file query33.pdb (PDB, C-alpha atoms, pLDDT in the B column)
ATOM      1  CA  MET A 109    -191.866 -53.781-138.990  1.00 49.00           C
ATOM      2  CA  SER A 110    -190.458 -50.450-140.096  1.00 58.00           C
ATOM      3  CA  THR A 111    -192.291 -48.431-137.378  1.00 61.00           C
ATOM      4  CA  GLN A 112    -190.239 -50.043-134.579  1.00 72.00           C
ATOM      5  CA  PRO A 113    -186.836 -48.594-135.697  1.00 74.00           C
ATOM      6  CA  LYS A 114    -188.406 -45.180-136.421  1.00 78.00           C
ATOM      7  CA  SER A 115    -189.903 -45.104-132.916  1.00 81.00           C
ATOM      8  CA  LYS A 116    -186.527 -45.886-131.350  1.00 83.00           C
ATOM      9  CA  ILE A 117    -184.849 -43.139-133.380  1.00 86.00           C
ATOM     10  CA  LEU A 118    -187.534 -40.633-132.385  1.00 84.00           C
ATOM     11  CA  LEU A 119    -187.207 -41.615-128.700  1.00 85.00           C
ATOM     12  CA  ILE A 120    -183.428 -41.196-128.886  1.00 87.00           C
ATOM     13  CA  ILE A 121    -183.788 -37.753-130.517  1.00 87.00           C
ATOM     14  CA  ILE A 122    -186.366 -36.664-127.910  1.00 87.00           C
ATOM     15  CA  GLY A 123    -184.038 -37.873-125.143  1.00 84.00           C
ATOM     16  CA  ILE A 124    -181.087 -35.923-126.570  1.00 88.00           C
ATOM     17  CA  LEU A 125    -183.203 -32.764-126.899  1.00 84.00           C
ATOM     18  CA  LEU A 126    -184.491 -33.153-123.338  1.00 83.00           C
ATOM     19  CA  VAL A 127    -180.954 -33.503-121.956  1.00 84.00           C
ATOM     20  CA  ALA A 128    -179.768 -30.517-124.030  1.00 84.00           C
ATOM     21  CA  ASN A 129    -182.639 -28.374-122.720  1.00 85.00           C
ATOM     22  CA  LEU A 130    -181.882 -29.349-119.125  1.00 83.00           C
ATOM     23  CA  VAL A 131    -178.197 -28.524-119.536  1.00 82.00           C
ATOM     24  CA  LEU A 132    -179.052 -25.158-121.112  1.00 82.00           C
ATOM     25  CA  LEU A 133    -181.538 -24.367-118.346  1.00 80.00           C
ATOM     26  CA  CYS A 134    -178.966 -25.198-115.662  1.00 78.00           C
ATOM     27  CA  PHE A 135    -176.407 -23.032-117.418  1.00 76.00           C
ATOM     28  CA  PHE A 136    -178.704 -19.993-117.433  1.00 75.00           C
ATOM     29  CA  ILE A 137    -179.856 -20.497-113.861  1.00 79.00           C
ATOM     30  CA  THR A 138    -176.356 -20.873-112.426  1.00 76.00           C
ATOM     31  CA  ASN A 139    -174.748 -18.011-114.390  1.00 69.00           C
ATOM     32  CA  LYS A 140    -177.383 -15.286-114.042  1.00 52.00           C
ATOM     33  CA  PRO A 141    -176.980 -14.354-110.340  1.00 49.00           C
ATOM     34  CA  ALA A 142    -173.185 -14.156-110.590  1.00 46.00           C
ATOM     35  CA  GLU A 143    -173.484 -11.882-113.617  1.00 45.00           C
ATOM     36  CA  LYS A 144    -175.906  -9.555-111.869  1.00 47.00           C
ATOM     37  CA  LYS A 145    -173.845  -9.446-108.697  1.00 46.00           C
ATOM     38  CA  GLY A 146    -170.709  -8.618-110.621  1.00 47.00           C
ATOM     39  CA  MET A 147    -172.304  -5.700-112.466  1.00 49.00           C
ATOM     40  CA  ARG A 148    -172.775  -3.618-109.305  1.00 52.00           C
ATOM     41  CA  GLY A 149    -169.258  -4.328-108.052  1.00 59.00           C
ATOM     42  CA  ASP A 150    -167.710  -3.716-111.447  1.00 78.00           C
ATOM     43  CA  ARG A 151    -169.548  -0.410-111.873  1.00 80.00           C
ATOM     44  CA  LYS A 152    -168.435   0.840-108.449  1.00 84.00           C
ATOM     45  CA  ALA A 153    -164.879  -0.308-109.118  1.00 87.00           C
ATOM     46  CA  MET A 154    -164.920   1.333-112.551  1.00 86.00           C
ATOM     47  CA  ILE A 155    -166.113   4.688-111.181  1.00 88.00           C
ATOM     48  CA  THR A 156    -163.637   4.541-108.299  1.00 90.00           C
ATOM     49  CA  ALA A 157    -160.799   3.762-110.710  1.00 91.00           C
ATOM     50  CA  PHE A 158    -161.951   6.603-112.977  1.00 90.00           C
ATOM     51  CA  LEU A 159    -161.975   9.092-110.084  1.00 93.00           C
ATOM     52  CA  LYS A 160    -158.579   7.918-108.849  1.00 94.00           C
ATOM     53  CA  ASN A 161    -156.741   7.503-112.159  1.00 93.00           C
ATOM     54  CA  ASP A 162    -158.372   9.997-114.525  1.00 92.00           C
ATOM     55  CA  ILE A 163    -159.463  12.749-112.141  1.00 93.00           C
ATOM     56  CA  GLY A 164    -156.652  12.288-109.608  1.00 95.00           C
ATOM     57  CA  PHE A 165    -158.657  11.726-106.433  1.00 95.00           C
ATOM     58  CA  SER A 166    -156.601  11.267-103.278  1.00 95.00           C
ATOM     59  CA  GLN A 167    -157.279   8.433-100.846  1.00 96.00           C
ATOM     60  CA  GLN A 168    -159.210  10.855 -98.633  1.00 96.00           C
ATOM     61  CA  GLN A 169    -161.380  11.934-101.582  1.00 95.00           C
ATOM     62  CA  ILE A 170    -162.024   8.266-102.441  1.00 94.00           C
ATOM     63  CA  GLN A 171    -163.154   7.625 -98.862  1.00 95.00           C
ATOM     64  CA  GLN A 172    -165.449  10.650 -99.019  1.00 96.00           C
ATOM     65  CA  TYR A 173    -166.808   9.381-102.331  1.00 95.00           C
ATOM     66  CA  ASP A 174    -167.453   5.922-100.836  1.00 94.00           C
ATOM     67  CA  SER A 175    -169.450   7.454 -97.958  1.00 95.00           C
ATOM     68  CA  LEU A 176    -171.336   9.737-100.326  1.00 95.00           C
ATOM     69  CA  ASN A 177    -172.042   6.869-102.691  1.00 93.00           C
ATOM     70  CA  GLN A 178    -173.350   4.638 -99.912  1.00 94.00           C
ATOM     71  CA  LEU A 179    -175.770   7.335 -98.736  1.00 95.00           C
ATOM     72  CA  HIS A 180    -176.904   7.965-102.296  1.00 94.00           C
ATOM     73  CA  HIS A 181    -177.401   4.262-102.982  1.00 93.00           C
ATOM     74  CA  THR A 182    -179.587   3.896 -99.863  1.00 94.00           C
ATOM     75  CA  LYS A 183    -181.634   6.983-100.754  1.00 94.00           C
ATOM     76  CA  VAL A 184    -182.193   5.962-104.381  1.00 93.00           C
ATOM     77  CA  LYS A 185    -183.047   2.383-103.426  1.00 94.00           C
ATOM     78  CA  THR A 186    -185.765   3.747-101.134  1.00 94.00           C
ATOM     79  CA  MET A 187    -187.034   5.977-103.940  1.00 93.00           C
ATOM     80  CA  PHE A 188    -187.176   3.041-106.373  1.00 92.00           C
ATOM     81  CA  ASP A 189    -189.046   0.940-103.803  1.00 92.00           C
ATOM     82  CA  GLU A 190    -191.552   3.768-103.295  1.00 91.00           C
ATOM     83  CA  ALA A 191    -191.952   4.134-107.061  1.00 90.00           C
ATOM     84  CA  ARG A 192    -192.620   0.415-107.425  1.00 90.00           C
ATOM     85  CA  ASN A 193    -195.249   0.535-104.658  1.00 89.00           C
ATOM     86  CA  ASP A 194    -196.821   3.680-106.117  1.00 88.00           C
ATOM     87  CA  LYS A 195    -196.923   2.090-109.543  1.00 87.00           C
ATOM     88  CA  GLU A 196    -198.800  -0.903-108.158  1.00 86.00           C
ATOM     89  CA  LYS A 197    -201.296   1.381-106.383  1.00 88.00           C
ATOM     90  CA  GLN A 198    -201.804   3.461-109.523  1.00 88.00           C
ATOM     91  CA  PHE A 199    -202.335   0.381-111.649  1.00 86.00           C
ATOM     92  CA  LYS A 200    -205.004  -0.848-109.233  1.00 87.00           C
ATOM     93  CA  GLN A 201    -206.587   2.603-109.351  1.00 87.00           C
ATOM     94  CA  MET A 202    -206.592   2.584-113.167  1.00 87.00           C
ATOM     95  CA  THR A 203    -208.168  -0.853-113.113  1.00 88.00           C
ATOM     96  CA  SER A 204    -210.925   0.244-110.755  1.00 90.00           C
ATOM     97  CA  ASP A 205    -211.508   3.359-112.908  1.00 90.00           C
ATOM     98  CA  GLY A 206    -211.855   1.184-115.999  1.00 90.00           C
ATOM     99  CA  PHE A 207    -208.695   2.579-117.634  1.00 88.00           C
ATOM    100  CA  SER A 208    -210.406   5.883-118.329  1.00 90.00           C
ATOM    101  CA  ASP A 209    -208.412   8.596-120.050  1.00 89.00           C
ATOM    102  CA  SER A 210    -208.288  10.674-116.869  1.00 89.00           C
ATOM    103  CA  ALA A 211    -207.060   7.684-114.816  1.00 88.00           C
ATOM    104  CA  ILE A 212    -204.322   6.969-117.370  1.00 89.00           C
ATOM    105  CA  SER A 213    -203.313  10.629-117.488  1.00 89.00           C
ATOM    106  CA  ASN A 214    -203.207  10.853-113.695  1.00 88.00           C
ATOM    107  CA  ALA A 215    -201.104   7.681-113.409  1.00 88.00           C
ATOM    108  CA  ALA A 216    -198.689   8.902-116.088  1.00 89.00           C
ATOM    109  CA  TYR A 217    -198.338  12.235-114.293  1.00 91.00           C
ATOM    110  CA  LEU A 218    -197.605  10.546-110.961  1.00 89.00           C
ATOM    111  CA  PHE A 219    -195.092   8.140-112.547  1.00 89.00           C
ATOM    112  CA  ALA A 220    -193.338  11.000-114.337  1.00 91.00           C
ATOM    113  CA  ASN A 221    -193.171  13.018-111.129  1.00 91.00           C
ATOM    114  CA  LYS A 222    -191.573  10.100-109.253  1.00 90.00           C
ATOM    115  CA  GLN A 223    -189.095   9.581-112.095  1.00 92.00           C
ATOM    116  CA  LYS A 224    -188.265  13.301-111.979  1.00 93.00           C
ATOM    117  CA  GLN A 225    -187.467  12.992-108.264  1.00 93.00           C
ATOM    118  CA  ILE A 226    -185.176  10.023-108.923  1.00 92.00           C
ATOM    119  CA  GLN A 227    -183.373  11.806-111.784  1.00 93.00           C
ATOM    120  CA  THR A 228    -182.975  14.933-109.649  1.00 93.00           C
ATOM    121  CA  ALA A 229    -181.392  12.838-106.887  1.00 94.00           C
ATOM    122  CA  MET A 230    -179.022  11.301-109.460  1.00 92.00           C
ATOM    123  CA  PHE A 231    -177.959  14.708-110.797  1.00 93.00           C
ATOM    124  CA  LYS A 232    -177.468  16.063-107.254  1.00 95.00           C
ATOM    125  CA  HIS A 233    -175.273  13.032-106.556  1.00 94.00           C
ATOM    126  CA  PHE A 234    -173.114  13.925-109.569  1.00 93.00           C
ATOM    127  CA  LYS A 235    -172.946  17.499-108.269  1.00 94.00           C
ATOM    128  CA  ASP A 236    -171.877  16.191-104.845  1.00 95.00           C
ATOM    129  CA  ILE A 237    -169.140  14.073-106.437  1.00 94.00           C
ATOM    130  CA  ARG A 238    -167.987  17.138-108.368  1.00 95.00           C
ATOM    131  CA  GLY A 239    -167.968  19.010-105.031  1.00 96.00           C
ATOM    132  CA  LEU A 240    -165.312  16.585-103.772  1.00 96.00           C
ATOM    133  CA  CYS A 241    -163.001  17.716-106.595  1.00 95.00           C
ATOM    134  CA  THR A 242    -160.373  20.357-106.084  1.00 96.00           C
ATOM    135  CA  PRO A 243    -160.611  23.411-108.375  1.00 96.00           C
ATOM    136  CA  GLN A 244    -157.876  21.833-110.543  1.00 95.00           C
ATOM    137  CA  GLN A 245    -159.797  18.531-110.818  1.00 94.00           C
ATOM    138  CA  GLN A 246    -163.166  20.072-111.688  1.00 94.00           C
ATOM    139  CA  PRO A 247    -162.410  20.770-115.376  1.00 94.00           C
ATOM    140  CA  LYS A 248    -161.245  17.165-115.823  1.00 92.00           C
ATOM    141  CA  PHE A 249    -164.376  15.919-114.092  1.00 92.00           C
ATOM    142  CA  ASP A 250    -166.604  18.143-116.237  1.00 92.00           C
ATOM    143  CA  SER A 251    -165.046  16.983-119.483  1.00 91.00           C
ATOM    144  CA  LEU A 252    -164.586  13.264-118.698  1.00 89.00           C
ATOM    145  CA  PHE A 253    -167.440  12.220-116.427  1.00 85.00           C
ATOM    146  CA  TYR A 254    -170.116  12.116-119.140  1.00 84.00           C
ATOM    147  CA  SER A 255    -167.937   9.992-121.422  1.00 84.00           C
ATOM    148  CA  MET A 256    -167.225   7.602-118.539  1.00 81.00           C
ATOM    149  CA  LEU A 257    -170.975   7.205-117.903  1.00 76.00           C
ATOM    150  CA  ASN A 258    -171.535   6.499-121.601  1.00 79.00           C
ATOM    151  CA  ARG A 259    -168.766   3.896-121.504  1.00 71.00           C
ATOM    152  CA  ARG A 260    -170.567   2.230-118.619  1.00 56.00           C
ATOM    153  CA  ASN A 261    -173.873   2.249-120.532  1.00 56.00           C
ATOM    154  CA  ASP A 262    -172.164   0.812-123.632  1.00 58.00           C
ATOM    155  CA  GLU A 263    -170.771  -2.057-121.534  1.00 56.00           C
ATOM    156  CA  ARG A 264    -174.239  -2.673-120.072  1.00 54.00           C
ATOM    157  CA  LYS A 265    -175.696  -3.134-123.565  1.00 57.00           C
ATOM    158  CA  LYS A 266    -173.262  -5.957-124.364  1.00 52.00           C
TER
END
call {"tool": "encode", "arguments": {"input": "query33.pdb", "output": "structure tokens"}}
result
Amino acid sequence: MSTQPKSKILLIIIGILLVANLVLLCFFITNKPAEKKGMRGDRKAMITAFLKNDIGFSQQQIQQYDSLNQLHHTKVKTMFDEARNDKEKQFKQMTSDGFSDSAISNAAYLFANKQKQIQTAMFKHFKDIRGLCTPQQQPKFDSLFYSMLNRRNDERKK
């Protein structure tokens, strides 16, 4: 007699947990793409506002920055795609070589070299942005740009 009420209570609890899990899953699925989309737009808007308000970029300089940024974004995206493809090829090569020490060392060297190319492109982009500055704006850029990038990284960690 006493097992019947316990079974009903357990079924009710399982039902509540199932509904709660479904609601939580829907929440994460529907909110994730909007969050990711907003990050790119917010970052671009933040850097543009920084260049305009803190550095004193004119509208013409902002337009030049937008063009420069678009070219850089396309170039770096291509580099990241190449790195991803190279990484897959190197992993297959390591697998076929039985993860030997030389295969691992070679893969690490190739990955590091690709990362170096990406970082170099990033630093050249910063140099190009600095090149848009007037001689009066360059000291401000030099002293504030690093702190602005750190601010962006701090916001990303949240």
call {"tool": "atom_distance", "arguments": {"input": "query33.pdb", "atom1": "atom CA of Ala157 of chain A", "atom2": "atom CA of Leu252 of chain A"}}
result
13.0 Å
call {"tool": "closest_residue", "arguments": {"input": "query33.pdb", "among": "A:Lys195, A:Lys224, A:Ile137, A:Ile122", "to": "Ile212 of chain A", "atoms": "all atoms listed in the file"}}
result
A:Lys195
call {"tool": "atom_distance", "arguments": {"input": "query33.pdb", "atom1": "atom CA of Val131 of chain A", "atom2": "atom CA of Gln112 of chain A"}}
result
28.9 Å
call {"tool": "closest_residue", "arguments": {"input": "query33.pdb", "among": "A:Lys222, A:Arg151, A:Arg259, A:Lys232", "to": "Met187 of chain A", "atoms": "only C-alpha atoms"}}
result
A:Lys222
call {"tool": "atom_distance", "arguments": {"input": "query33.pdb", "atom1": "atom CA of Thr182 of chain A", "atom2": "atom CA of Thr138 of chain A"}}
result
28.0 Å
call {"tool": "closest_residue", "arguments": {"input": "query33.pdb", "among": "A:Leu125, A:Ala215, A:Met256, A:Leu176", "to": "Leu240 of chain A", "atoms": "only C-alpha atoms"}}
result
A:Leu176
call {"tool": "closest_residue", "arguments": {"input": "query33.pdb", "among": "A:Gln245, A:Ser115, A:Gln227, A:Asn129", "to": "Gln169 of chain A", "atoms": "all atoms listed in the file"}}
result
A:Gln245
call {"tool": "residues_near_point", "arguments": {"input": "query33.pdb", "point": "(-160.9, 16.7, -99.4)", "cutoff": "9 Å", "atoms": "only C-alpha atoms", "output": "PyMOL selection string"}}
result
chain A and resi 165-166+168-169+172+240-242
call {"tool": "residues_near_point", "arguments": {"input": "query33.pdb", "point": "(-191.4, 5.1, -110.3)", "cutoff": "9 Å", "atoms": "all atoms listed in the file", "output": "CSV table (one decimal) with C-alpha atoms, in the frame of the given file"}}
result
chain,number,residue,atom,x,y,z
A,187,MET,CA,-187.0,6.0,-103.9
A,188,PHE,CA,-187.2,3.0,-106.4
A,189,ASP,CA,-189.0,0.9,-103.8
A,190,GLU,CA,-191.6,3.8,-103.3
A,191,ALA,CA,-192.0,4.1,-107.1
A,192,ARG,CA,-192.6,0.4,-107.4
A,193,ASN,CA,-195.2,0.5,-104.7
A,194,ASP,CA,-196.8,3.7,-106.1
A,195,LYS,CA,-196.9,2.1,-109.5
A,218,LEU,CA,-197.6,10.5,-111.0
A,219,PHE,CA,-195.1,8.1,-112.5
A,220,ALA,CA,-193.3,11.0,-114.3
A,221,ASN,CA,-193.2,13.0,-111.1
A,222,LYS,CA,-191.6,10.1,-109.3
A,223,GLN,CA,-189.1,9.6,-112.1
A,224,LYS,CA,-188.3,13.3,-112.0
A,226,ILE,CA,-185.2,10.0,-108.9
call {"tool": "residues_around", "arguments": {"input": "query33.pdb", "residues": "segment 154-156 of chain A", "least_positions_apart": "5", "cutoff": "12 Å", "atoms": "all atoms listed in the file", "output": "PyMOL selection string"}}
result
chain A and resi 146-149+161-167+169-174+177+234+237+249+252-260+263
call {"tool": "closest_residue", "arguments": {"input": "query33.pdb", "among": "A:Ile121, A:Lys152, A:Ser213, A:His180", "to": "Ala229 of chain A", "atoms": "all atoms listed in the file"}}
result
A:His180
call {"tool": "closest_residue", "arguments": {"input": "query33.pdb", "among": "A:Ala153, A:Met202, A:Ala216, A:Met230", "to": "Val184 of chain A", "atoms": "only C-alpha atoms"}}
result
A:Met230
call {"tool": "decode", "arguments": {"input": "query33.pdb", "residues": "segment 172-253 of chain A", "atoms": "C-alpha atoms", "output": "mmCIF file, in the first residue's frame"}}
result
data_model
loop_
_atom_site.group_PDB
_atom_site.id
_atom_site.type_symbol
_atom_site.label_atom_id
_atom_site.label_comp_id
_atom_site.auth_asym_id
_atom_site.auth_seq_id
_atom_site.Cartn_x
_atom_site.Cartn_y
_atom_site.Cartn_z
ATOM 1 C CA GLN A 172 40.017 54.825 -42.893
ATOM 2 C CA TYR A 173 40.066 52.680 -39.758
ATOM 3 C CA ASP A 174 36.875 50.876 -40.842
ATOM 4 C CA SER A 175 38.413 50.032 -44.238
ATOM 5 C CA LEU A 176 41.674 48.961 -42.627
ATOM 6 C CA ASN A 177 39.837 46.876 -40.058
ATOM 7 C CA GLN A 178 37.739 45.122 -42.691
ATOM 8 C CA LEU A 179 40.841 44.161 -44.682
ATOM 9 C CA HIS A 180 42.572 42.959 -41.532
ATOM 10 C CA HIS A 181 39.555 40.929 -40.435
ATOM 11 C CA THR A 182 39.401 39.174 -43.833
ATOM 12 C CA LYS A 183 43.143 38.460 -43.800
ATOM 13 C CA VAL A 184 43.181 37.104 -40.241
ATOM 14 C CA LYS A 185 40.071 34.996 -40.823
ATOM 15 C CA THR A 186 41.850 33.360 -43.766
ATOM 16 C CA MET A 187 44.921 32.774 -41.603
ATOM 17 C CA PHE A 188 42.826 31.164 -38.850
ATOM 18 C CA ASP A 189 41.099 28.929 -41.407
ATOM 19 C CA GLU A 190 44.490 27.862 -42.784
ATOM 20 C CA ALA A 191 45.750 27.194 -39.256
ATOM 21 C CA ARG A 192 42.716 25.040 -38.503
ATOM 22 C CA ASN A 193 43.240 23.038 -41.712
ATOM 23 C CA ASP A 194 46.973 22.710 -41.045
ATOM 24 C CA LYS A 195 46.284 21.562 -37.512
ATOM 25 C CA GLU A 196 43.999 18.816 -38.792
ATOM 26 C CA LYS A 197 46.633 17.691 -41.321
ATOM 27 C CA GLN A 198 49.351 17.694 -38.666
ATOM 28 C CA PHE A 199 47.209 15.710 -36.266
ATOM 29 C CA LYS A 200 46.601 13.085 -38.950
ATOM 30 C CA GLN A 201 50.338 13.031 -39.630
ATOM 31 C CA MET A 202 51.112 12.560 -35.924
ATOM 32 C CA THR A 203 48.587 9.747 -35.791
ATOM 33 C CA SER A 204 50.127 7.975 -38.766
ATOM 34 C CA ASP A 205 53.605 8.448 -37.232
ATOM 35 C CA GLY A 206 52.409 6.881 -33.988
ATOM 36 C CA PHE A 207 52.821 10.114 -31.991
ATOM 37 C CA SER A 208 56.592 9.815 -32.115
ATOM 38 C CA ASP A 209 58.650 12.513 -30.446
ATOM 39 C CA SER A 210 59.823 13.850 -33.807
ATOM 40 C CA ALA A 211 56.235 14.000 -35.138
ATOM 41 C CA ILE A 212 55.089 15.886 -32.030
ATOM 42 C CA SER A 213 58.041 18.266 -32.242
ATOM 43 C CA ASN A 214 57.420 18.910 -35.936
ATOM 44 C CA ALA A 215 53.705 19.568 -35.358
ATOM 45 C CA ALA A 216 54.454 21.929 -32.466
ATOM 46 C CA TYR A 217 56.962 23.811 -34.616
ATOM 47 C CA LEU A 218 54.472 24.193 -37.469
ATOM 48 C CA PHE A 219 51.683 25.308 -35.104
ATOM 49 C CA ALA A 220 53.978 27.840 -33.435
ATOM 50 C CA ASN A 221 55.075 29.193 -36.805
ATOM 51 C CA LYS A 222 51.450 29.687 -37.904
ATOM 52 C CA GLN A 223 50.638 31.381 -34.594
ATOM 53 C CA LYS A 224 53.663 33.653 -35.076
ATOM 54 C CA GLN A 225 52.316 34.698 -38.486
ATOM 55 C CA ILE A 226 48.909 35.495 -36.983
ATOM 56 C CA GLN A 227 50.434 37.506 -34.112
ATOM 57 C CA THR A 228 52.668 39.389 -36.552
ATOM 58 C CA ALA A 229 49.610 40.309 -38.632
ATOM 59 C CA MET A 230 47.863 41.527 -35.459
ATOM 60 C CA PHE A 231 50.818 43.707 -34.441
ATOM 61 C CA LYS A 232 51.125 45.127 -37.979
ATOM 62 C CA HIS A 233 47.417 45.975 -37.803
ATOM 63 C CA PHE A 234 48.037 47.930 -34.590
ATOM 64 C CA LYS A 235 50.933 49.686 -36.328
ATOM 65 C CA ASP A 236 48.643 50.537 -39.261
ATOM 66 C CA ILE A 237 46.029 51.970 -36.887
ATOM 67 C CA ARG A 238 48.765 54.023 -35.227
ATOM 68 C CA GLY A 239 49.759 55.199 -38.729
ATOM 69 C CA LEU A 240 46.310 56.777 -39.095
ATOM 70 C CA CYS A 241 47.047 58.991 -36.070
ATOM 71 C CA THR A 242 48.340 62.502 -36.437
ATOM 72 C CA PRO A 243 51.662 63.247 -34.693
ATOM 73 C CA GLN A 244 49.658 64.827 -31.837
ATOM 74 C CA GLN A 245 47.453 61.717 -31.470
ATOM 75 C CA GLN A 246 50.290 59.181 -31.493
ATOM 76 C CA PRO A 247 51.401 59.705 -27.866
ATOM 77 C CA LYS A 248 47.798 59.249 -26.695
ATOM 78 C CA PHE A 249 47.491 56.114 -28.800
ATOM 79 C CA ASP A 250 50.780 54.736 -27.463
ATOM 80 C CA SER A 251 49.818 55.289 -23.847
ATOM 81 C CA LEU A 252 46.123 54.296 -23.991
ATOM 82 C CA PHE A 253 45.783 51.559 -26.597
#
